[in-house]
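Colleague: For reference, the file structure-v1.tsv (TSV, C-alpha atoms) is included below:
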```tsv
chain	number	residue	atom	x	y	z
L	1	MET	CA	0.00	0.00	0.00
L	2	SER	CA	1.42	3.35	-1.00
L	3	ASN	CA	0.10	6.78	-0.07
L	4	ASN	CA	1.00	10.35	-0.93
L	5	CYS	CA	0.83	12.69	2.04
L	6	PRO	CA	-0.34	16.34	1.88
L	7	THR	CA	1.66	18.63	-0.35
L	8	TYR	CA	3.01	20.86	2.37
L	9	PRO	CA	6.61	21.51	3.41
L	10	SER	CA	7.74	18.10	4.51
L	11	GLU	CA	9.50	19.31	7.65
L	12	ASN	CA	6.70	21.55	8.91
L	13	LEU	CA	4.28	19.10	10.52
L	14	SER	CA	2.85	21.81	12.75
L	15	ALA	CA	1.67	23.76	9.70
L	16	ILE	CA	-0.08	20.65	8.32
L	17	ILE	CA	-1.74	19.79	11.62
L	18	SER	CA	-2.79	23.38	12.20
L	19	TRP	CA	-4.27	23.59	8.72
L	20	ASN	CA	-6.29	20.43	9.27
L	21	PHE	CA	-7.51	21.65	12.66
L	22	THR	CA	-8.66	25.03	11.36
L	23	GLN	CA	-10.30	23.55	8.29
L	24	ALA	CA	-12.18	20.91	10.23
L	25	PHE	CA	-13.37	23.52	12.73
L	26	PHE	CA	-14.99	25.44	9.89
L	27	ASN	CA	-16.29	22.29	8.24
L	28	ASN	CA	-17.95	20.76	11.26
L	29	ARG	CA	-18.70	23.20	14.00
L	30	TYR	CA	-20.28	26.53	13.25
L	31	PHE	CA	-20.54	27.41	9.58
L	32	SER	CA	-22.91	26.71	6.75
L	33	GLY	CA	-21.45	25.90	3.35
L	34	LEU	CA	-22.21	29.35	1.96
L	35	LEU	CA	-20.54	31.21	4.80
L	36	PHE	CA	-17.55	28.86	4.66
L	37	LEU	CA	-17.00	29.54	0.98
L	38	SER	CA	-17.38	33.29	1.42
L	39	LEU	CA	-14.76	33.27	4.16
L	40	LEU	CA	-12.31	31.41	1.95
L	41	SER	CA	-12.81	33.92	-0.86
L	42	SER	CA	-12.26	36.94	1.38
L	43	CYS	CA	-9.34	35.92	3.57
L	44	ILE	CA	-7.40	39.15	3.00
L	45	GLU	CA	-9.18	40.62	6.01
L	46	GLN	CA	-8.34	38.99	9.32
L	47	PHE	CA	-11.39	37.46	10.95
L	48	LYS	CA	-11.82	36.36	14.52
L	49	PHE	CA	-14.78	34.78	16.28
L	50	GLU	CA	-15.06	34.87	20.03
L	51	SER	CA	-15.98	31.62	21.72
L	52	ARG	CA	-15.62	31.00	25.44
L	53	ASN	CA	-15.62	27.28	24.75
L	54	GLU	CA	-12.67	27.29	22.37
L	55	ARG	CA	-9.09	27.24	23.67
L	56	PRO	CA	-5.99	27.35	21.50
L	57	VAL	CA	-4.75	23.89	20.66
L	58	VAL	CA	-1.17	22.94	21.52
L	59	ILE	CA	0.86	21.35	18.72
L	60	ILE	CA	4.18	19.62	19.40
L	61	GLU	CA	6.19	17.92	16.69
L	62	GLY	CA	9.71	16.65	16.32
L	63	GLN	CA	11.88	13.65	15.66
L	64	ILE	CA	15.37	12.23	16.12
L	65	SER	CA	17.27	9.73	14.01
L	66	ASP	CA	20.31	7.46	13.93
L	67	ILE	CA	22.32	10.00	11.87
L	68	SER	CA	23.97	12.63	14.04
L	69	SER	CA	24.67	16.22	13.04
L	70	ASN	CA	28.33	15.36	12.51
L	71	GLU	CA	27.46	12.38	10.31
L	72	PHE	CA	25.06	14.46	8.26
L	73	GLU	CA	27.74	17.12	7.77
L	74	ASP	CA	30.09	14.41	6.51
L	75	LEU	CA	27.45	13.41	3.96
L	76	TYR	CA	26.39	16.81	2.65
L	77	GLY	CA	28.70	19.42	4.15
L	78	GLU	CA	25.72	20.99	5.94
L	79	GLU	CA	24.84	21.41	9.59
L	80	ARG	CA	21.68	19.63	10.75
L	81	PHE	CA	20.45	19.49	14.35
L	82	PHE	CA	17.30	17.73	15.56
L	83	TYR	CA	14.52	20.02	16.71
L	84	THR	CA	11.08	20.11	18.31
L	85	LYS	CA	8.49	22.78	17.48
L	86	VAL	CA	5.96	24.00	20.04
L	87	LYS	CA	3.04	26.26	19.12
L	88	TYR	CA	-0.59	27.19	19.64
L	89	ALA	CA	-3.07	26.80	16.81
L	90	GLY	CA	-6.18	28.91	17.18
L	91	ALA	CA	-9.35	27.31	15.87
L	92	VAL	CA	-11.21	30.48	15.03
L	93	ASN	CA	-8.56	32.93	13.94
L	94	ASN	CA	-6.99	33.11	10.50
L	95	SER	CA	-3.92	34.99	11.69
L	96	LEU	CA	-0.60	33.21	11.93
L	97	ASP	CA	-0.40	30.57	14.64
L	98	ASP	CA	1.51	31.53	17.78
L	99	TYR	CA	4.78	29.76	18.39
L	100	ILE	CA	5.40	29.21	22.09
L	101	SER	CA	8.63	30.78	23.28
L	102	GLY	CA	10.28	30.20	26.64
L	103	ALA	CA	9.26	26.57	27.06
L	104	GLU	CA	11.45	23.95	28.75
L	105	VAL	CA	11.94	21.04	26.34
L	106	GLU	CA	13.76	17.88	27.32
L	107	LEU	CA	14.53	14.58	25.60
L	108	MET	CA	14.72	11.49	27.77
L	109	SER	CA	15.40	7.80	27.18
L	110	ASP	CA	14.24	4.67	28.95
L	111	GLN	CA	17.91	4.27	29.96
L	112	ASN	CA	17.54	7.28	32.32
L	113	GLU	CA	19.44	9.65	30.02
L	114	PHE	CA	18.43	13.30	29.49
L	115	TRP	CA	19.24	16.01	26.93
L	116	ASP	CA	18.06	19.63	27.02
L	117	TYR	CA	16.79	21.46	23.95
L	118	THR	CA	17.76	25.11	23.36
L	119	GLU	CA	15.40	27.60	21.74
L	120	ASP	CA	16.69	29.35	18.63
L	121	PRO	CA	16.38	33.14	19.24
L	122	ASP	CA	15.97	33.69	15.50
L	123	ASP	CA	13.24	31.04	15.23
L	124	PRO	CA	10.95	31.35	18.30
L	125	GLY	CA	9.13	28.19	19.25
L	126	THR	CA	11.78	25.94	17.67
L	127	TYR	CA	14.00	24.08	20.13
L	128	TYR	CA	17.21	22.38	19.00
L	129	LEU	CA	19.33	19.55	20.35
L	130	TYR	CA	22.77	21.12	20.04
L	131	TYR	CA	24.66	17.87	20.53
L	132	PRO	CA	26.71	17.25	17.35
L	133	ASP	CA	27.40	13.58	18.15
L	134	PHE	CA	23.92	12.68	19.38
L	135	ALA	CA	22.04	9.98	17.47
L	136	SER	CA	19.30	7.60	18.48
L	137	GLN	CA	20.45	4.10	19.40
L	138	PRO	CA	18.97	0.68	18.60
L	139	ASN	CA	16.65	-0.87	21.18
L	140	VAL	CA	16.43	2.39	23.14
L	141	GLN	CA	13.13	4.23	23.59
L	142	TYR	CA	12.89	8.02	23.64
L	143	ARG	CA	10.26	10.57	24.58
L	144	VAL	CA	10.07	14.37	24.70
L	145	ASN	CA	8.75	16.41	27.63
L	146	VAL	CA	7.59	20.02	27.24
L	147	ARG	CA	6.78	22.48	30.03
L	148	LEU	CA	5.17	25.72	28.85
L	149	PRO	CA	5.87	29.11	30.51
L	150	ASN	CA	2.38	28.94	32.09
L	151	GLY	CA	3.29	25.68	33.84
L	152	GLU	CA	1.34	23.32	31.58
L	153	GLU	CA	3.20	20.11	30.86
L	154	TYR	CA	3.03	17.80	27.85
L	155	GLN	CA	4.88	14.64	26.95
L	156	SER	CA	5.05	12.12	24.15
L	157	ALA	CA	4.77	8.38	24.42
L	158	TYR	CA	8.01	6.45	24.07
L	159	ASP	CA	9.04	5.68	20.50
L	160	GLN	CA	12.01	3.78	19.12
L	161	MET	CA	13.68	3.04	15.81
L	162	PRO	CA	12.38	0.08	13.84
L	163	ALA	CA	14.65	-2.95	13.76
L	164	ASP	CA	15.03	-2.97	9.98
L	165	ASN	CA	15.66	-0.19	7.43
L	166	VAL	CA	16.73	-1.71	4.12
L	167	ARG	CA	18.39	0.28	1.34
L	168	GLY	CA	16.79	0.15	-2.08
L	169	ASP	CA	17.68	0.89	-5.71
L	170	LEU	CA	16.44	3.95	-7.61
L	171	ILE	CA	14.79	3.40	-10.98
L	172	ALA	CA	13.86	6.10	-13.55
L	173	ASP	CA	11.25	5.19	-16.20
L	174	GLU	CA	10.48	7.38	-19.21
L	175	ILE	CA	6.79	8.19	-19.49
L	176	SER	CA	4.44	10.54	-21.33
L	177	LYS	CA	1.23	11.71	-19.74
L	178	PRO	CA	-1.58	14.14	-20.49
L	179	ASN	CA	-1.61	17.52	-18.79
L	180	PHE	CA	-4.68	19.75	-18.71
L	181	GLU	CA	-3.89	23.43	-19.29
L	182	PRO	CA	-6.25	26.45	-19.44
L	183	HIS	CA	-6.28	28.13	-22.83
L	184	THR	CA	-8.58	31.06	-23.73
L	185	GLY	CA	-11.10	29.96	-21.16
L	186	ASP	CA	-11.05	26.27	-22.11
L	187	LEU	CA	-9.00	23.33	-20.96
L	188	THR	CA	-6.62	21.86	-23.50
L	189	ILE	CA	-4.79	18.55	-23.22
L	190	LYS	CA	-1.05	18.64	-23.74
L	191	THR	CA	1.24	15.65	-23.54
L	192	ILE	CA	4.28	16.11	-21.32
L	193	ARG	CA	7.34	13.87	-21.18
L	194	GLY	CA	9.25	13.04	-18.07
L	195	LEU	CA	10.56	10.43	-15.67
L	196	ASP	CA	8.81	8.42	-13.00
L	197	VAL	CA	11.44	7.90	-10.31
L	198	SER	CA	10.79	4.89	-8.08
L	199	ILE	CA	12.60	2.89	-5.45
L	200	GLN	CA	12.88	-0.89	-5.46
L	201	LEU	CA	13.12	-2.28	-1.93
L	202	PRO	CA	14.57	-5.79	-1.58
L	203	THR	CA	13.22	-8.67	0.42
L	204	SER	CA	13.18	-7.84	4.12
L	205	SER	CA	14.43	-10.18	6.81
L	206	ASN	CA	11.89	-8.68	9.21
L	207	GLU	CA	8.95	-11.01	9.94
L	208	ASP	CA	6.70	-8.04	10.70
L	209	PHE	CA	5.62	-5.16	8.49
L	210	ASN	CA	8.17	-2.51	7.58
L	211	TYR	CA	7.00	1.12	7.50
L	212	TYR	CA	8.73	3.76	5.39
L	213	ARG	CA	8.45	7.44	4.56
L	214	TRP	CA	10.31	9.38	1.87
L	215	ASP	CA	10.69	13.13	1.36
L	216	PHE	CA	12.81	15.20	-1.02
L	217	HIS	CA	15.16	18.14	-1.26
L	218	THR	CA	16.03	19.49	-4.71
L	219	VAL	CA	19.06	21.43	-5.92
L	220	TRP	CA	19.36	22.69	-9.48
L	221	TYR	CA	22.33	24.07	-11.37
L	222	LEU	CA	22.15	27.47	-13.09
L	223	VAL	CA	24.63	28.86	-15.63
L	224	ALA	CA	24.94	32.58	-16.46
L	225	GLU	CA	25.20	31.89	-20.17
L	226	LEU	CA	26.50	35.32	-21.14
L	227	SER	CA	29.45	35.09	-18.73
L	228	PRO	CA	32.26	32.52	-18.55
L	229	ARG	CA	31.80	29.88	-15.91
L	230	SER	CA	35.07	31.05	-14.37
L	231	HIS	CA	33.33	34.34	-13.51
L	232	PRO	CA	32.66	34.55	-9.73
L	233	HIS	CA	28.94	34.49	-10.50
L	234	GLY	CA	29.08	32.45	-13.68
L	235	GLN	CA	27.48	29.37	-12.14
L	236	CYS	CA	25.11	28.89	-9.20
L	237	TRP	CA	23.27	26.21	-7.29
L	238	VAL	CA	19.69	26.76	-6.12
L	239	ASP	CA	18.16	24.95	-3.13
L	240	GLU	CA	14.49	24.64	-4.03
L	241	THR	CA	12.45	24.20	-0.87
L	242	TYR	CA	9.03	23.24	-2.22
L	243	TYR	CA	9.65	21.85	-5.73
L	244	LEU	CA	8.98	18.28	-4.59
L	245	ASP	CA	7.09	18.66	-1.32
L	246	GLU	CA	5.22	15.37	-1.20
L	247	ASN	CA	5.61	12.75	1.49
L	248	ILE	CA	5.45	9.15	0.27
L	249	LEU	CA	4.44	6.31	2.57
L	250	GLN	CA	4.87	2.57	2.15
L	251	GLN	CA	4.30	-0.51	4.24
L	252	TYR	CA	5.42	-3.94	3.12
L	253	LYS	CA	6.36	-7.35	4.44
L	254	ASN	CA	8.99	-9.80	3.16
L	255	SER	CA	8.47	-9.59	-0.63
L	256	PRO	CA	10.31	-6.92	-2.71
L	257	VAL	CA	8.24	-3.84	-3.54
L	258	LYS	CA	8.57	-0.97	-6.03
L	259	THR	CA	7.26	2.41	-4.88
L	260	LYS	CA	6.90	5.51	-7.06
L	261	LEU	CA	8.57	8.51	-5.43
L	262	PHE	CA	8.04	11.43	-7.81
L	263	PHE	CA	7.51	12.52	-11.42
L	264	LEU	CA	10.00	14.89	-13.04
L	265	GLN	CA	9.04	16.71	-16.23
L	266	THR	CA	11.96	16.81	-18.65
L	267	SER	CA	11.17	18.71	-21.87
L	268	GLY	CA	10.32	22.33	-21.18
L	269	ASN	CA	11.48	22.16	-17.55
L	270	GLN	CA	14.08	24.92	-17.21
L	271	TYR	CA	15.18	23.59	-13.83
L	272	THR	CA	16.73	20.56	-15.55
L	273	LYS	CA	18.53	22.45	-18.32
L	274	PHE	CA	22.01	22.55	-16.79
L	275	GLY	CA	21.75	20.04	-13.95
L	276	PHE	CA	19.22	18.85	-11.41
L	277	SER	CA	19.45	16.67	-8.30
L	278	VAL	CA	17.12	15.26	-5.69
L	279	ARG	CA	18.25	14.33	-2.19
L	280	ILE	CA	15.95	11.52	-1.16
L	281	ARG	CA	15.53	10.88	2.53
L	282	GLN	CA	14.22	7.45	3.48
L	283	GLN	CA	12.94	7.03	7.00
L	284	GLY	CA	12.18	3.74	8.66
L	285	ILE	CA	9.38	4.58	11.09
L	286	SER	CA	7.28	2.86	13.71
L	287	LYS	CA	3.76	1.58	13.06
L	288	GLU	CA	2.35	4.44	15.16
L	289	HIS	CA	4.39	7.05	13.28
L	290	HIS	CA	3.12	5.59	10.00
L	291	GLN	CA	-0.45	5.81	11.30
L	292	PHE	CA	0.06	9.49	12.13
L	293	TRP	CA	1.22	10.28	8.58
L	294	THR	CA	-1.55	8.12	7.07
L	295	ASP	CA	-4.19	10.01	9.05
L	296	LEU	CA	-2.78	13.34	7.86
L	297	HIS	CA	-2.97	12.11	4.29
L	298	ASN	CA	-6.54	10.88	4.72
L	299	GLN	CA	-7.55	14.19	6.32
L	300	GLN	CA	-6.23	16.05	3.28
L	301	ALA	CA	-7.85	13.60	0.85
L	302	GLN	CA	-11.23	14.27	2.50
L	303	SER	CA	-10.78	18.03	2.69
L	304	GLU	CA	-14.25	18.79	1.44
L	305	LEU	CA	-16.93	20.75	3.22
L	306	PHE	CA	-17.71	17.95	5.66
L	307	ALA	CA	-14.23	16.60	6.33
L	308	PRO	CA	-13.78	14.61	9.55
L	309	PRO	CA	-12.53	16.63	12.51
L	310	PRO	CA	-8.81	16.59	13.25
L	311	TYR	CA	-9.10	14.56	16.43
L	312	ASN	CA	-9.24	11.52	14.14
L	313	ILE	CA	-5.52	12.08	13.52
L	314	TYR	CA	-3.35	9.75	15.55
L	315	THR	CA	-1.09	11.51	18.07
L	316	ASN	CA	1.39	10.29	20.66
L	317	ILE	CA	1.39	13.59	22.60
L	318	GLU	CA	-0.67	14.02	25.77
L	319	ALA	CA	-1.24	16.63	28.45
L	320	VAL	CA	0.12	15.78	31.90
L	321	GLY	CA	-2.21	16.33	34.86
L	322	GLN	CA	-4.80	18.30	32.90
L	323	GLU	CA	-7.33	18.09	30.08
L	324	ARG	CA	-6.14	19.98	27.05
L	325	GLU	CA	-6.33	19.32	23.33
L	326	VAL	CA	-2.89	18.58	21.93
L	327	TYR	CA	-1.79	17.22	18.55
L	328	GLY	CA	1.42	16.19	16.89
L	329	PHE	CA	3.93	13.38	17.01
L	330	PHE	CA	7.41	12.82	18.34
L	331	GLY	CA	9.14	10.06	16.38
L	332	VAL	CA	12.39	8.10	16.37
L	333	VAL	CA	13.48	7.03	12.90
L	334	ASN	CA	16.17	5.25	10.92
L	335	GLU	CA	17.50	7.25	7.98
L	336	GLU	CA	18.99	6.38	4.60
L	337	TYR	CA	19.93	9.02	2.02
L	338	TYR	CA	20.16	8.81	-1.75
L	339	THR	CA	21.34	11.54	-4.13
L	340	TRP	CA	19.76	11.22	-7.58
L	341	PHE	CA	20.99	13.28	-10.54
L	342	PHE	CA	18.99	13.90	-13.69
L	343	ASP	CA	21.05	12.61	-16.62
L	344	LYS	CA	19.94	13.95	-20.00
L	345	SER	CA	22.26	11.58	-21.85
L	346	ALA	CA	20.33	8.59	-20.50
L	347	LEU	CA	17.10	9.71	-22.22
L	348	SER	CA	16.01	8.23	-25.53
L	349	TYR	CA	15.28	11.78	-26.76
L	350	SER	CA	16.74	15.27	-26.44
L	351	PRO	CA	14.62	17.48	-24.16
L	352	TYR	CA	13.89	21.00	-25.35
L	353	TYR	CA	14.39	24.20	-23.36
L	354	ILE	CA	13.64	27.87	-23.76
L	355	GLU	CA	16.72	29.95	-24.63
L	356	GLU	CA	16.11	32.64	-22.03
L	357	CYS	CA	19.43	34.47	-22.46
L	358	PHE	CA	19.55	34.55	-26.27
L	359	VAL	CA	16.72	36.92	-27.14
L	360	ILE	CA	15.94	38.95	-30.23
L	361	PHE	CA	16.76	42.68	-30.22
L	362	PRO	CA	15.44	45.02	-28.80
L	363	THR	CA	14.61	42.67	-25.89
L	364	GLU	CA	17.35	42.70	-23.26
L	365	PRO	CA	18.53	39.52	-21.56
L	366	ALA	CA	17.78	39.23	-17.87
L	367	GLU	CA	20.46	40.29	-15.37
L	368	TRP	CA	21.08	36.73	-14.25
L	369	CYS	CA	22.37	35.86	-17.73
L	370	TRP	CA	25.56	37.72	-16.66
L	371	GLU	CA	25.38	37.08	-12.90
L	372	CYS	CA	23.52	33.97	-11.86
L	373	VAL	CA	23.00	35.18	-8.27
L	374	LYS	CA	20.58	37.76	-9.70
L	375	LYS	CA	18.22	35.07	-10.96
L	376	ASP	CA	14.65	36.34	-10.71
L	377	GLY	CA	11.84	34.30	-9.22
L	378	ILE	CA	13.82	32.77	-6.35
L	379	LYS	CA	11.10	32.11	-3.80
L	380	LYS	CA	11.14	32.72	-0.10
L	381	GLY	CA	12.87	29.86	1.64
L	382	ASP	CA	14.99	29.01	-1.40
L	383	ARG	CA	18.71	29.69	-1.47
L	384	ILE	CA	21.04	30.54	-4.35
L	385	THR	CA	24.82	30.37	-4.04
L	386	PRO	CA	27.83	30.49	-6.39
L	387	ILE	CA	29.63	27.97	-4.15
L	388	LYS	CA	29.54	24.43	-5.49
L	389	PRO	CA	28.20	21.93	-2.91
L	390	GLU	CA	30.76	19.36	-1.83
L	391	TRP	CA	28.47	16.48	-2.80
L	392	TRP	CA	27.67	17.79	-6.31
L	393	VAL	CA	29.33	15.41	-8.79
L	394	TYR	CA	27.28	16.14	-11.90
```
Rewrite the structure from the file as structure tokens, please.

Modeller:
Amino acid sequence: MSNNCPTYPSENLSAIISWNFTQAFFNNRYFSGLLFLSLLSSCIEQFKFESRNERPVVIIEGQISDISSNEFEDLYGEERFFYTKVKYAGAVNNSLDDYISGAEVELMSDQNEFWDYTEDPDDPGTYYLYYPDFASQPNVQYRVNVRLPNGEEYQSAYDQMPADNVRGDLIADEISKPNFEPHTGDLTIKTIRGLDVSIQLPTSSNEDFNYYRWDFHTVWYLVAELSPRSHPHGQCWVDETYYLDENILQQYKNSPVKTKLFFLQTSGNQYTKFGFSVRIRQQGISKEHHQFWTDLHNQQAQSELFAPPPYNIYTNIEAVGQEREVYGFFGVVNEEYYTWFFDKSALSYSPYYIEECFVIFPTEPAEWCWECVKKDGIKKGDRITPIKPEWWVY
């Protein structure tokens, strides 16, 4: 069984959970269909409804893995620390959710070990484990405990890494598929060519089900075609945060299984013109963690007017000594990483691209054609740099 999770930033579980909570509140509690639709079409104005019965919901999410910050830096030359996010999500307010600053967050194991999280002053509500060598260990259970500034306390259930996390083989299959595009008020069908990238997992030695999740990080190569590549800004690399923002789930037992990860358009896709890579993160997760992600996916799939309320989403977070709605999940995972490069020479055809820098007079080429760091359209959260990543071998 394979499922695609909601198309939201794969690291920001709190945003997904909050979205589901707010949507289900509108869908099920107070609003008729007409009012609901009118609110969606007029969300420029902030709206707020007073309700003495509604309290902000606490959302806590985080995870740790068997790859430490130091090990990750050895792989990709980048710093990565584990974190836990803590926030309120208001049910009846369309303003940004409130991250909770000043909390005490602690990781503990069933071996009576403890590690303190530290809040990032530049990212309130996000608490990091600044232990470069820390990694989760086999057969050890971990939980997170959170004490808010108002004294409320929350904790997760214990979770541990699965016993098995097998490494698979990546497969890229050429396909053509129809794409519906608006044209002068009508929909036209256009065939697009691309690659279906899948992973083939081998036979597992585990007698029980294996549960996996994959997410993706893309980096594409940009050349300032009107400058030599030796120019300081003649070539750049762009980290694209949301280009492939799906989460893919899979559960299987014993027999080999092939799971589709993503589709990449080739012809007409300017991102792939000079070079394109996908960092694929494979996580072996517990049955409960898989259920959490499956519920999020199902909530999104049923996001119509009468979607089920968010309390149907599995959570392993609970309030301590009080009754308070809380959502989220703290998980312990195994990780495997793959770096996949798009190889034009492996295609049976030559993809076409727009020649953006070679334009007909009197049109002027864009500034980035001389200095790639000036590339227009770089979205918030993306990063462009003229420094070649250590892992880039294309």

Colleague: Using Å and a single decimal, report how far CA of Ile280 (chain L) sits from CA of Trp368 (chain L).

Modeller: 28.9 Å

Colleague: List every residue of region 199-284 of chain L that has an atom at most 12 Å from any atom of region 161-179 of chain L, and for each one report the closest atom pair and its distance in Å to one decimal, counting all atoms listed in the file, with rows sorted by chain and then by increasing residue number, as CSV.

Modeller:
```
residue,atom,partner,partner_atom,distance
L:Ile199,CA,L:Leu170,CA,4.5
L:Gln200,CA,L:Asp169,CA,5.1
L:Leu201,CA,L:Gly168,CA,4.4
L:Pro202,CA,L:Gly168,CA,6.4
L:Thr203,CA,L:Val166,CA,8.6
L:Ser204,CA,L:Val166,CA,7.1
L:Ser205,CA,L:Asp164,CA,7.9
L:Asn206,CA,L:Asp164,CA,6.6
L:Glu207,CA,L:Asp164,CA,10.1
L:Asp208,CA,L:Asp164,CA,9.8
L:Phe209,CA,L:Asp164,CA,9.8
L:Asn210,CA,L:Asp164,CA,7.3
L:Tyr211,CA,L:Pro162,CA,8.4
L:Tyr212,CA,L:Asn165,CA,8.2
L:Arg213,CA,L:Asn165,CA,10.9
L:Trp214,CA,L:Gly168,CA,11.9
L:Gln251,CA,L:Asn165,CA,11.8
L:Tyr252,CA,L:Val166,CA,11.6
L:Lys253,CA,L:Asp164,CA,11.2
L:Asn254,CA,L:Val166,CA,11.2
L:Pro256,CA,L:Gly168,CA,9.6
L:Val257,CA,L:Gly168,CA,9.5
L:Lys258,CA,L:Ile171,CA,9.1
L:Thr259,CA,L:Leu170,CA,9.7
L:Lys260,CA,L:Ile171,CA,9.1
L:Leu261,CA,L:Leu170,CA,9.4
L:Phe262,CA,L:Ala172,CA,9.8
L:Phe263,CA,L:Ile175,CA,9.2
L:Leu264,CA,L:Ala172,CA,9.6
L:Gln265,CA,L:Ser176,CA,9.2
L:Thr266,CA,L:Glu174,CA,9.6
L:Ser267,CA,L:Ser176,CA,10.6
L:Val278,CA,L:Leu170,CA,11.5
L:Arg279,CA,L:Leu170,CA,11.8
L:Ile280,CA,L:Leu170,CA,10.0
L:Arg281,CA,L:Arg167,CA,11.0
L:Gln282,CA,L:Arg167,CA,8.6
L:Gln283,CA,L:Asn165,CA,7.7
L:Gly284,CA,L:Asn165,CA,5.4
```

Colleague: Which one is closest to Thr126 (chain L): L:Glu104, L:Asp245, L:Glu181, L:Glu356? Count all atoms listed in the file.

Modeller: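 Looking at the shortest contact to Thr126 (chain L), the residue is L:Glu104.
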
Colleague: Measuring atom to atom with all atoms listed in the file, identify which of L:Gly234, L:Gly321, L:Pro138, L:Gly328 is nearest to Lys87 (chain L).

Modeller: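 The closest residue to Lys87 (chain L) is L:Gly328.
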
Colleague: Rounded to one decimal, what separation in Å do you get between CA of Arg193 (chain L) and CA of Pro351 (chain L)?

Modeller: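 That distance, rounded to one decimal, is 8.7 Å.
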
Colleague: In terms of the shortest atom-to-atom distance over only C-alpha atoms, which of L:Lys380, L:Lys344, L:Arg324, L:His289 is closest to Glu153 (chain L)?

Modeller: L:Arg324

Colleague: What gap, in Å, lies between CA of Phe292 (chain L) and CA of Asn316 (chain L)?

Modeller: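 That distance, rounded to one decimal, is 8.7 Å.
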
Colleague: Counting all atoms listed in the file, figure out which residue out of L:His233, L:Ser345, L:Tyr158, L:Gln300 gets nearest to Gly275 (chain L).

Modeller: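 Under the stated criterion, the closest residue is L:Ser345.
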